[in-house]
file work_27.pdb (PDB, C-alpha atoms)
ATOM      1  CA  MET A 155      97.301  99.611 112.120  1.00  0.00           C
ATOM      2  CA  LEU A 156      95.021  96.575 112.037  1.00  0.00           C
ATOM      3  CA  SER A 157      92.166  98.724 110.780  1.00  0.00           C
ATOM      4  CA  ARG A 158      94.301  99.667 107.779  1.00  0.00           C
ATOM      5  CA  PHE A 159      94.695  96.029 106.790  1.00  0.00           C
ATOM      6  CA  VAL A 160      90.972  95.421 107.257  1.00  0.00           C
ATOM      7  CA  THR A 161      90.162  98.323 104.947  1.00  0.00           C
ATOM      8  CA  MET A 162      92.813  97.144 102.499  1.00  0.00           C
ATOM      9  CA  ALA A 163      91.162  93.722 102.380  1.00  0.00           C
ATOM     10  CA  GLU A 164      87.737  95.268 101.733  1.00  0.00           C
ATOM     11  CA  VAL A 165      89.095  97.436  98.945  1.00  0.00           C
ATOM     12  CA  THR A 166      90.928  94.494  97.398  1.00  0.00           C
ATOM     13  CA  VAL A 167      87.839  92.305  97.331  1.00  0.00           C
ATOM     14  CA  SER A 168      85.392  94.976  96.217  1.00  0.00           C
ATOM     15  CA  LYS A 169      87.466  96.910  93.691  1.00  0.00           C
ATOM     16  CA  ILE A 170      91.002  95.761  92.992  1.00  0.00           C
ATOM     17  CA  PHE A 171      90.354  92.138  92.056  1.00  0.00           C
ATOM     18  CA  PRO A 172      87.311  93.176  89.969  1.00  0.00           C
ATOM     19  CA  ALA A 173      89.452  95.800  88.200  1.00  0.00           C
ATOM     20  CA  GLY A 174      91.964  93.287  86.886  1.00  0.00           C
ATOM     21  CA  ALA A 175      89.297  90.724  86.109  1.00  0.00           C
ATOM     22  CA  GLY A 176      87.151  93.306  84.340  1.00  0.00           C
ATOM     23  CA  TRP A 177      90.076  94.486  82.218  1.00  0.00           C
ATOM     24  CA  GLN A 178      90.905  90.940  81.177  1.00  0.00           C
ATOM     25  CA  ALA A 179      87.293  90.113  80.371  1.00  0.00           C
ATOM     26  CA  ALA A 180      87.019  93.264  78.279  1.00  0.00           C
ATOM     27  CA  SER A 181      90.231  92.364  76.452  1.00  0.00           C
ATOM     28  CA  ILE A 182      88.682  89.045  75.449  1.00  0.00           C
ATOM     29  CA  VAL A 183      85.662  90.911  74.089  1.00  0.00           C
ATOM     30  CA  ALA A 184      87.860  93.398  72.225  1.00  0.00           C
ATOM     31  CA  ASP A 185      89.967  90.630  70.734  1.00  0.00           C
ATOM     32  CA  GLY A 186      86.839  88.768  69.651  1.00  0.00           C
ATOM     33  CA  MET A 187      85.672  91.911  67.891  1.00  0.00           C
ATOM     34  CA  GLY A 188      88.910  91.975  65.926  1.00  0.00           C
ATOM     35  CA  HIS A 189      90.609  94.909  67.653  1.00  0.00           C
ATOM     36  CA  ALA A 190      94.386  94.621  67.881  1.00  0.00           C
ATOM     37  CA  ALA A 191      96.090  95.198  71.220  1.00  0.00           C
ATOM     38  CA  ASP A 192      97.852  98.262  69.820  1.00  0.00           C
ATOM     39  CA  SER A 193      94.634  99.982  68.742  1.00  0.00           C
ATOM     40  CA  ALA A 194      92.909 102.863  70.471  1.00  0.00           C
ATOM     41  CA  THR A 195      89.638 100.947  70.454  1.00  0.00           C
ATOM     42  CA  PHE A 196      91.236  98.061  72.370  1.00  0.00           C
ATOM     43  CA  ALA A 197      92.540 100.518  74.973  1.00  0.00           C
ATOM     44  CA  ALA A 198      89.132 102.160  75.275  1.00  0.00           C
ATOM     45  CA  ILE A 199      87.249  98.873  75.656  1.00  0.00           C
ATOM     46  CA  THR A 200      89.631  97.544  78.297  1.00  0.00           C
ATOM     47  CA  GLY A 201      89.570 100.834  80.170  1.00  0.00           C
ATOM     48  CA  VAL A 202      85.782 100.803  80.285  1.00  0.00           C
ATOM     49  CA  GLY A 203      85.797  97.159  81.360  1.00  0.00           C
ATOM     50  CA  ASP A 204      88.135  98.036  84.214  1.00  0.00           C
ATOM     51  CA  GLY A 205      86.049 101.020  85.281  1.00  0.00           C
ATOM     52  CA  VAL A 206      82.682  99.285  85.103  1.00  0.00           C
ATOM     53  CA  ALA A 207      84.011  96.386  87.167  1.00  0.00           C
ATOM     54  CA  VAL A 208      85.235  98.797  89.856  1.00  0.00           C
ATOM     55  CA  THR A 209      81.939 100.681  89.958  1.00  0.00           C
ATOM     56  CA  LEU A 210      79.837  97.520  90.148  1.00  0.00           C
ATOM     57  CA  GLY A 211      82.222  95.826  92.570  1.00  0.00           C
ATOM     58  CA  HIS A 212      82.215  98.738  94.989  1.00  0.00           C
ATOM     59  CA  THR A 213      78.472  99.343  94.890  1.00  0.00           C
ATOM     60  CA  GLY A 214      77.592  95.657  95.007  1.00  0.00           C
ATOM     61  CA  TYR A 215      79.924  94.982  97.914  1.00  0.00           C
ATOM     62  CA  PHE A 216      78.368  97.655 100.082  1.00  0.00           C
ATOM     63  CA  ALA A 217      74.849  96.642  99.094  1.00  0.00           C
ATOM     64  CA  LEU A 218      75.618  93.101 100.258  1.00  0.00           C
ATOM     65  CA  LYS A 219      77.331  94.365 103.398  1.00  0.00           C
ATOM     66  CA  LYS A 220      74.340  96.508 104.304  1.00  0.00           C
ATOM     67  CA  ALA A 221      71.953  93.624 103.674  1.00  0.00           C
ATOM     68  CA  ALA A 222      74.067  91.232 105.746  1.00  0.00           C
ATOM     69  CA  THR A 223      74.787  93.518 108.692  1.00  0.00           C
ATOM     70  CA  GLY A 224      71.877  95.937 108.691  1.00  0.00           C
ATOM     71  CA  ASP A 225      74.390  98.762 109.104  1.00  0.00           C
ATOM     72  CA  ALA A 226      72.322 101.935 108.807  1.00  0.00           C
ATOM     73  CA  SER A 227      75.463 104.037 108.318  1.00  0.00           C
ATOM     74  CA  ILE A 228      75.933 102.532 104.845  1.00  0.00           C
ATOM     75  CA  LYS A 229      74.082 104.831 102.466  1.00  0.00           C
ATOM     76  CA  LEU A 230      73.818 103.115  99.120  1.00  0.00           C
ATOM     77  CA  GLY A 231      73.312 106.355  97.198  1.00  0.00           C
ATOM     78  CA  GLU A 232      76.613 107.676  98.545  1.00  0.00           C
ATOM     79  CA  GLN A 233      78.364 104.409  97.838  1.00  0.00           C
ATOM     80  CA  ALA A 234      77.073 104.408  94.271  1.00  0.00           C
ATOM     81  CA  GLY A 235      78.528 107.887  93.850  1.00  0.00           C
ATOM     82  CA  LEU A 236      81.840 106.726  95.246  1.00  0.00           C
ATOM     83  CA  GLY A 237      81.782 103.785  92.883  1.00  0.00           C
ATOM     84  CA  VAL A 238      81.266 106.028  89.872  1.00  0.00           C
ATOM     85  CA  TRP A 239      84.143 108.274  90.960  1.00  0.00           C
ATOM     86  CA  LEU A 240      86.527 105.380  91.487  1.00  0.00           C
ATOM     87  CA  GLY A 241      85.327 103.650  88.334  1.00  0.00           C
ATOM     88  CA  ALA A 242      85.994 106.757  86.270  1.00  0.00           C
ATOM     89  CA  ALA A 243      89.541 106.943  87.624  1.00  0.00           C
ATOM     90  CA  ALA A 244      90.000 103.216  86.969  1.00  0.00           C
ATOM     91  CA  THR A 245      88.877 103.762  83.375  1.00  0.00           C
ATOM     92  CA  CYS A 246      91.751 106.220  83.010  1.00  0.00           C
ATOM     93  CA  SER A 247      94.399 103.870  84.410  1.00  0.00           C
ATOM     94  CA  GLY A 248      92.912 100.797  82.748  1.00  0.00           C
ATOM     95  CA  GLY A 249      92.715 102.559  79.399  1.00  0.00           C
ATOM     96  CA  ALA A 250      96.303 103.720  79.717  1.00  0.00           C
ATOM     97  CA  TRP A 251      97.716 100.316  80.681  1.00  0.00           C
ATOM     98  CA  GLN A 252      98.012  98.634  77.272  1.00  0.00           C
ATOM     99  CA  PRO A 253      99.414 101.680  75.409  1.00  0.00           C
ATOM    100  CA  VAL A 254     101.901 102.242  78.247  1.00  0.00           C
ATOM    101  CA  VAL A 255     103.055  98.626  78.256  1.00  0.00           C
ATOM    102  CA  ASN A 256     103.219  98.553  74.452  1.00  0.00           C
ATOM    103  CA  ALA A 257     105.467 101.607  74.433  1.00  0.00           C
ATOM    104  CA  LEU A 258     107.731 100.278  77.171  1.00  0.00           C
ATOM    105  CA  GLN A 259     108.088  96.880  75.519  1.00  0.00           C
ATOM    106  CA  ALA A 260     108.577  98.211  71.975  1.00  0.00           C
ATOM    107  CA  SER A 261     112.371  98.141  72.039  1.00  0.00           C
ATOM    108  CA  GLU A 262     112.486  94.743  73.742  1.00  0.00           C
ATOM    109  CA  LYS A 263     115.451  96.059  75.724  1.00  0.00           C
ATOM    110  CA  LEU A 264     113.854  96.984  79.048  1.00  0.00           C
ATOM    111  CA  PRO A 265     113.840  94.177  81.614  1.00  0.00           C
ATOM    112  CA  PHE A 266     110.568  93.060  83.142  1.00  0.00           C
ATOM    113  CA  GLU A 267     111.244  94.979  86.361  1.00  0.00           C
ATOM    114  CA  ALA A 268     111.728  98.255  84.492  1.00  0.00           C
ATOM    115  CA  VAL A 269     108.527  97.776  82.515  1.00  0.00           C
ATOM    116  CA  ALA A 270     106.581  96.981  85.676  1.00  0.00           C
ATOM    117  CA  ALA A 271     108.018  99.921  87.632  1.00  0.00           C
ATOM    118  CA  SER A 272     107.382 102.390  84.825  1.00  0.00           C
ATOM    119  CA  THR A 273     103.848 101.060  84.443  1.00  0.00           C
ATOM    120  CA  ALA A 274     103.260 101.651  88.150  1.00  0.00           C
ATOM    121  CA  LEU A 275     104.317 105.267  87.784  1.00  0.00           C
ATOM    122  CA  LEU A 276     102.405 106.048  84.596  1.00  0.00           C
ATOM    123  CA  CYS A 277      99.175 104.172  85.351  1.00  0.00           C
ATOM    124  CA  GLY A 278      99.194 105.408  88.931  1.00  0.00           C
ATOM    125  CA  GLY A 279      99.470 108.913  87.498  1.00  0.00           C
ATOM    126  CA  ALA A 280      96.555 108.258  85.169  1.00  0.00           C
ATOM    127  CA  PHE A 281      94.435 107.058  88.098  1.00  0.00           C
ATOM    128  CA  PHE A 282      95.397 110.128  90.135  1.00  0.00           C
ATOM    129  CA  THR A 283      94.431 112.396  87.236  1.00  0.00           C
ATOM    130  CA  GLY A 284      91.066 110.641  87.048  1.00  0.00           C
ATOM    131  CA  LEU A 285      90.474 111.164  90.769  1.00  0.00           C
ATOM    132  CA  ARG A 286      91.296 114.871  90.619  1.00  0.00           C
ATOM    133  CA  VAL A 287      89.227 115.516  87.493  1.00  0.00           C
ATOM    134  CA  GLY A 288      86.380 113.541  89.037  1.00  0.00           C
ATOM    135  CA  ARG A 289      86.420 115.770  92.096  1.00  0.00           C
ATOM    136  CA  ALA A 290      86.235 118.789  89.842  1.00  0.00           C
ATOM    137  CA  VAL A 291      83.301 117.633  87.700  1.00  0.00           C
ATOM    138  CA  MET A 292      81.240 115.344  89.947  1.00  0.00           C
ATOM    139  CA  PRO A 293      79.075 117.551  92.178  1.00  0.00           C
ATOM    140  CA  TRP A 294      78.564 114.871  94.842  1.00  0.00           C
ATOM    141  CA  MET A 295      82.293 114.601  95.467  1.00  0.00           C
ATOM    142  CA  PRO A 296      84.239 116.840  97.869  1.00  0.00           C
ATOM    143  CA  GLY A 297      86.254 119.304  95.800  1.00  0.00           C
ATOM    144  CA  ASN A 298      89.998 119.302  95.343  1.00  0.00           C
ATOM    145  CA  ASP A 299      92.049 120.635  98.246  1.00  0.00           C
ATOM    146  CA  ASN A 300      95.494 120.143  99.752  1.00  0.00           C
ATOM    147  CA  GLY A 301      94.284 117.497 102.181  1.00  0.00           C
ATOM    148  CA  ASN A 302      92.694 115.183  99.660  1.00  0.00           C
ATOM    149  CA  PHE A 303      95.545 115.833  97.215  1.00  0.00           C
ATOM    150  CA  SER A 304      97.757 113.786  99.527  1.00  0.00           C
ATOM    151  CA  THR A 305      95.251 111.001 100.158  1.00  0.00           C
ATOM    152  CA  ASP A 306      94.419 110.730  96.460  1.00  0.00           C
ATOM    153  CA  ALA A 307      98.141 110.526  95.699  1.00  0.00           C
ATOM    154  CA  TYR A 308      98.737 107.789  98.271  1.00  0.00           C
ATOM    155  CA  LEU A 309      95.827 105.741  96.934  1.00  0.00           C
ATOM    156  CA  SER A 310      97.123 106.209  93.400  1.00  0.00           C
ATOM    157  CA  MET A 311     100.518 104.839  94.445  1.00  0.00           C
ATOM    158  CA  ALA A 312      98.845 101.625  95.563  1.00  0.00           C
ATOM    159  CA  ILE A 313      96.843 101.486  92.336  1.00  0.00           C
ATOM    160  CA  GLY A 314     100.130 101.871  90.483  1.00  0.00           C
ATOM    161  CA  GLY A 315     101.293  98.759  92.320  1.00  0.00           C
ATOM    162  CA  ALA A 316      98.255  96.891  91.053  1.00  0.00           C
ATOM    163  CA  SER A 317      99.018  98.038  87.501  1.00  0.00           C
ATOM    164  CA  SER A 318     102.659  96.963  87.803  1.00  0.00           C
ATOM    165  CA  PHE A 319     101.853  93.436  88.944  1.00  0.00           C
ATOM    166  CA  PHE A 320      99.320  93.200  86.118  1.00  0.00           C
ATOM    167  CA  VAL A 321     102.320  93.252  83.781  1.00  0.00           C
ATOM    168  CA  GLY A 322     103.079  89.821  85.223  1.00  0.00           C
ATOM    169  CA  THR A 323     100.145  88.370  83.305  1.00  0.00           C
ATOM    170  CA  ASP A 324     102.029  88.971  80.044  1.00  0.00           C
ATOM    171  CA  VAL A 325     104.210  85.915  79.463  1.00  0.00           C
ATOM    172  CA  ALA A 326     105.146  86.749  75.860  1.00  0.00           C
ATOM    173  CA  TYR A 327     107.519  89.668  76.504  1.00  0.00           C
ATOM    174  CA  LEU A 328     111.140  88.459  76.251  1.00  0.00           C
ATOM    175  CA  GLY A 329     109.810  84.926  76.425  1.00  0.00           C
ATOM    176  CA  GLY A 330     108.869  85.520  80.044  1.00  0.00           C
ATOM    177  CA  GLU A 331     112.465  86.246  81.067  1.00  0.00           C
ATOM    178  CA  GLY A 332     112.619  88.021  84.425  1.00  0.00           C
ATOM    179  CA  ASN A 333     108.884  87.753  85.000  1.00  0.00           C
ATOM    180  CA  PHE A 334     108.947  86.475  88.566  1.00  0.00           C
ATOM    181  CA  LEU A 335     105.159  86.671  88.681  1.00  0.00           C
ATOM    182  CA  ARG A 336     104.643  84.260  85.798  1.00  0.00           C
ATOM    183  CA  PRO A 337     104.301  81.113  87.950  1.00  0.00           C
ATOM    184  CA  VAL A 338     101.516  82.784  89.930  1.00  0.00           C
ATOM    185  CA  VAL A 339      99.582  85.060  87.565  1.00  0.00           C
ATOM    186  CA  GLY A 340     101.035  84.542  84.097  1.00  0.00           C
ATOM    187  CA  VAL A 341      98.237  84.036  81.567  1.00  0.00           C
ATOM    188  CA  GLU A 342      99.419  81.161  79.392  1.00  0.00           C
ATOM    189  CA  ASP A 343      98.177  80.297  75.899  1.00  0.00           C
ATOM    190  CA  PHE A 344      96.632  77.091  77.206  1.00  0.00           C
ATOM    191  CA  ASP A 345      94.678  78.821  79.998  1.00  0.00           C
ATOM    192  CA  SER A 346      90.929  79.063  79.617  1.00  0.00           C
ATOM    193  CA  ASP A 347      89.359  82.509  79.386  1.00  0.00           C
ATOM    194  CA  GLY A 348      87.932  82.046  82.862  1.00  0.00           C
ATOM    195  CA  LEU A 349      91.288  81.152  84.379  1.00  0.00           C
ATOM    196  CA  GLY A 350      92.879  84.114  82.627  1.00  0.00           C
ATOM    197  CA  ILE A 351      90.296  86.427  84.169  1.00  0.00           C
ATOM    198  CA  VAL A 352      90.959  85.006  87.644  1.00  0.00           C
ATOM    199  CA  LYS A 353      94.735  85.344  87.194  1.00  0.00           C
ATOM    200  CA  ALA A 354      94.323  88.944  86.053  1.00  0.00           C
ATOM    201  CA  GLY A 355      92.269  89.796  89.124  1.00  0.00           C
ATOM    202  CA  ALA A 356      94.786  88.026  91.350  1.00  0.00           C
ATOM    203  CA  SER A 357      97.652  90.022  89.822  1.00  0.00           C
ATOM    204  CA  THR A 358      96.102  93.396  90.584  1.00  0.00           C
ATOM    205  CA  ALA A 359      95.100  92.219  94.056  1.00  0.00           C
ATOM    206  CA  LEU A 360      98.650  91.086  94.831  1.00  0.00           C
ATOM    207  CA  GLY A 361     100.201  94.293  93.522  1.00  0.00           C
ATOM    208  CA  PHE A 362      97.815  96.513  95.421  1.00  0.00           C
ATOM    209  CA  CYS A 363      98.331  94.614  98.675  1.00  0.00           C
ATOM    210  CA  ALA A 364     102.116  94.645  98.282  1.00  0.00           C
ATOM    211  CA  PHE A 365     102.301  98.405  97.754  1.00  0.00           C
ATOM    212  CA  GLN A 366      99.567  99.253 100.247  1.00  0.00           C
ATOM    213  CA  SER A 367     101.067  97.088 102.983  1.00  0.00           C
ATOM    214  CA  VAL A 368     104.213  99.217 102.857  1.00  0.00           C
ATOM    215  CA  GLN A 369     102.083 102.311 103.441  1.00  0.00           C
ATOM    216  CA  ASN A 370     100.188 100.565 106.220  1.00  0.00           C
ATOM    217  CA  VAL A 371     103.322  99.872 108.273  1.00  0.00           C
ATOM    218  CA  THR A 372     105.351 103.000 107.495  1.00  0.00           C
ATOM    219  CA  TYR A 373     102.909 105.933 107.415  1.00  0.00           C
ATOM    220  CA  LYS A 374     102.095 107.723 110.632  1.00  0.00           C
ATOM    221  CA  GLN A 375      98.542 107.635 111.973  1.00  0.00           C
ATOM    222  CA  ASP A 376      96.162 109.938 110.106  1.00  0.00           C
ATOM    223  CA  THR A 377      98.501 110.282 107.121  1.00  0.00           C
ATOM    224  CA  ALA A 378      97.572 107.215 105.024  1.00  0.00           C
ATOM    225  CA  TRP A 379      94.593 107.462 102.683  1.00  0.00           C
ATOM    226  CA  LEU A 380      92.827 104.770 104.717  1.00  0.00           C
ATOM    227  CA  ASP A 381      92.918 106.864 107.905  1.00  0.00           C
ATOM    228  CA  PRO A 382      90.896 110.015 107.165  1.00  0.00           C
ATOM    229  CA  THR A 383      87.110 110.106 107.299  1.00  0.00           C
ATOM    230  CA  GLU A 384      87.051 110.714 103.578  1.00  0.00           C
ATOM    231  CA  THR A 385      88.203 107.342 102.222  1.00  0.00           C
ATOM    232  CA  PRO A 386      87.147 105.362  99.177  1.00  0.00           C
ATOM    233  CA  THR A 387      85.024 103.101 101.365  1.00  0.00           C
ATOM    234  CA  GLU A 388      83.295 105.696 103.496  1.00  0.00           C
ATOM    235  CA  THR A 389      82.394 108.786 101.507  1.00  0.00           C
ATOM    236  CA  PRO A 390      81.688 109.533  97.886  1.00  0.00           C
ATOM    237  CA  THR A 391      84.912 107.998  96.490  1.00  0.00           C
ATOM    238  CA  THR A 392      89.993 100.863  93.402  1.00  0.00           C
ATOM    239  CA  ALA A 393      93.350 100.279  91.299  1.00  0.00           C
ATOM    240  CA  THR A 394      94.987  97.755  87.867  1.00  0.00           C
TER     241      THR A 394
END
call {"tool": "encode", "arguments": {"input": "work_27.pdb", "output": "structure tokens"}}
result
Amino acid sequence: MLSRFVTMAEVTVSKIFPAGAGWQAASIVADGMGHAADSATFAAITGVGDGVAVTLGHTGYFALKKAATGDASIKLGEQAGLGVWLGAAATCSGGAWQPVVNALQASEKLPFEAVAASTALLCGGAFFTGLRVGRAVMPWMPGNDNGNFSTDAYLSMAIGGASSFFVGTDVAYLGGEGNFLRPVVGVEDFDSDGLGIVKAGASTALGFCAFQSVQNVTYKQDTAWLDPTETPTETPTTAT
């Protein structure tokens, strides 16, 4: 079980925090370009920002790890391929996040918890779709089969958790009512851009760890996505 938490920490540092931070940074760029948060261009820019951050975070982390440890088992070409696969899936979930949240908040009747839970389901589904399509079109990735269907689904659940906690950065909805994450990760109007980026990364990291920790302690050995040989940190495989 300890190995699961070690892997979870690696994934959080290398992909999940960068995903939230990358999305937020891209949103600042999109806003500066004059794109409204309800536009398709805004969604596309933030999705790409999310995905690029995951790809660079994953590849950079393993490059540094190889340099620091001299671990010959780390093949940077493979890790770059994994990073592209995960980054593509993150582009799907990151691009879906704002339109999903906009739709859920439109009536201003759903409580924060309902918006967050629905976002987990829908953005997790978008990430899962990205993983499965990636396996189908990226020749360096193992193809789709029943075994990796389950592991991809379990990973996507944890990514859904990251997406749900990312909703906590939005302090405007219902005046922040019910947003129990606001004191920790809420991005306030008076926050600097840099602080907002850090809070965004922290929100996805917290959400991922919360959801993944449940899997870590409840799933039997060799059933969690972290257990098989083919994991996002080991073979050509992040997470809002």
call {"tool": "atom_distance", "arguments": {"input": "work_27.pdb", "atom1": "atom CA of A:Val371", "atom2": "atom CA of A:Ala359"}}
result
18.1 Å
call {"tool": "resolve_selection", "arguments": {"input": "work_27.pdb", "expression": "the PyMOL selection byres ((chain A and resi 310-319) around 7)", "output": "PyMOL selection string"}}
result
chain A and resi 270-271+273-275+277-279+281-282+306-309+320-322+357-362+365-366+392-394
call {"tool": "closest_residue", "arguments": {"input": "work_27.pdb", "among": "A:Cys363, A:Gly301, A:Tyr373, A:Asp347", "to": "A:Thr161", "atoms": "all atoms listed in the file"}}
result
A:Cys363
call {"tool": "atom_distance", "arguments": {"input": "work_27.pdb", "atom1": "atom CA of A:Gly248", "atom2": "atom CA of A:Asp204"}}
result
5.7 Å
call {"tool": "closest_residue", "arguments": {"input": "work_27.pdb", "among": "A:Leu380, A:Leu349, A:Cys246, A:Ile228", "to": "A:Val287", "atoms": "only C-alpha atoms"}}
result
A:Cys246
call {"tool": "axis_aligned_box", "arguments": {"input": "work_27.pdb", "around": "stretch 240-247 of chain A", "padding_each_side": "3 Å", "output": "JSON"}}
result
{"center_x": 89.9, "center_y": 105.1, "center_z": 87.2, "size_x": 15.1, "size_y": 9.7, "size_z": 14.5}
call {"tool": "resolve_selection", "arguments": {"input": "work_27.pdb", "expression": "the PyMOL selection byres ((chain A and resi 256) around 12)", "output": "list in words"}}
result
Ala190, Ala191, Asp192, Ser193, Ala194, Ala197, Ala250, Trp251, Gln252, Pro253, Val254, Val255, Ala257, Leu258, Gln259, Ala260, Ser261, Glu262, Leu264, Val269, Ala270, Ser272, Thr273, Val321, Asp324 and Tyr327 of chain A
call {"tool": "atom_distance", "arguments": {"input": "work_27.pdb", "atom1": "atom CA of A:Arg289", "atom2": "atom CA of A:Glu232"}}
result
14.3 Å
call {"tool": "closest_residue", "arguments": {"input": "work_27.pdb", "among": "A:Asp376, A:Glu164, A:Asp381, A:Glu342", "to": "A:Thr323", "atoms": "only C-alpha atoms"}}
result
A:Glu342
call {"tool": "closest_residue", "arguments": {"input": "work_27.pdb", "among": "A:Asn302, A:Val208, A:Val352, A:Leu276", "to": "A:Val339", "atoms": "only C-alpha atoms"}}
result
A:Val352
call {"tool": "closest_residue", "arguments": {"input": "work_27.pdb", "among": "A:Gly214, A:Gly330, A:Gly186, A:Gly205", "to": "A:Val167", "atoms": "only C-alpha atoms"}}
result
A:Gly214
call {"tool": "resolve_selection", "arguments": {"input": "work_27.pdb", "expression": "the PyMOL selection byres ((chain A and resi 235) around 9)", "output": "list in words"}}
result
Thr209, Thr213, Leu230, Gly231, Glu232, Gln233, Ala234, Leu236, Gly237, Val238, Trp239, Leu240, Met292, Trp294, Met295, Thr389, Pro390 and Thr391 of chain A
call {"tool": "closest_residue", "arguments": {"input": "work_27.pdb", "among": "A:Val325, A:Ala378, A:Ala207, A:Ile170", "to": "A:Val341", "atoms": "only C-alpha atoms"}}
result
A:Val325
call {"tool": "residues_around", "arguments": {"input": "work_27.pdb", "residues": "A:Ala184", "least_positions_apart": "6", "cutoff": "8 Å", "atoms": "all atoms listed in the file", "output": "list of chain:residue names"}}
result
A:Ala190, A:Thr195, A:Phe196, A:Ile199, A:Thr200
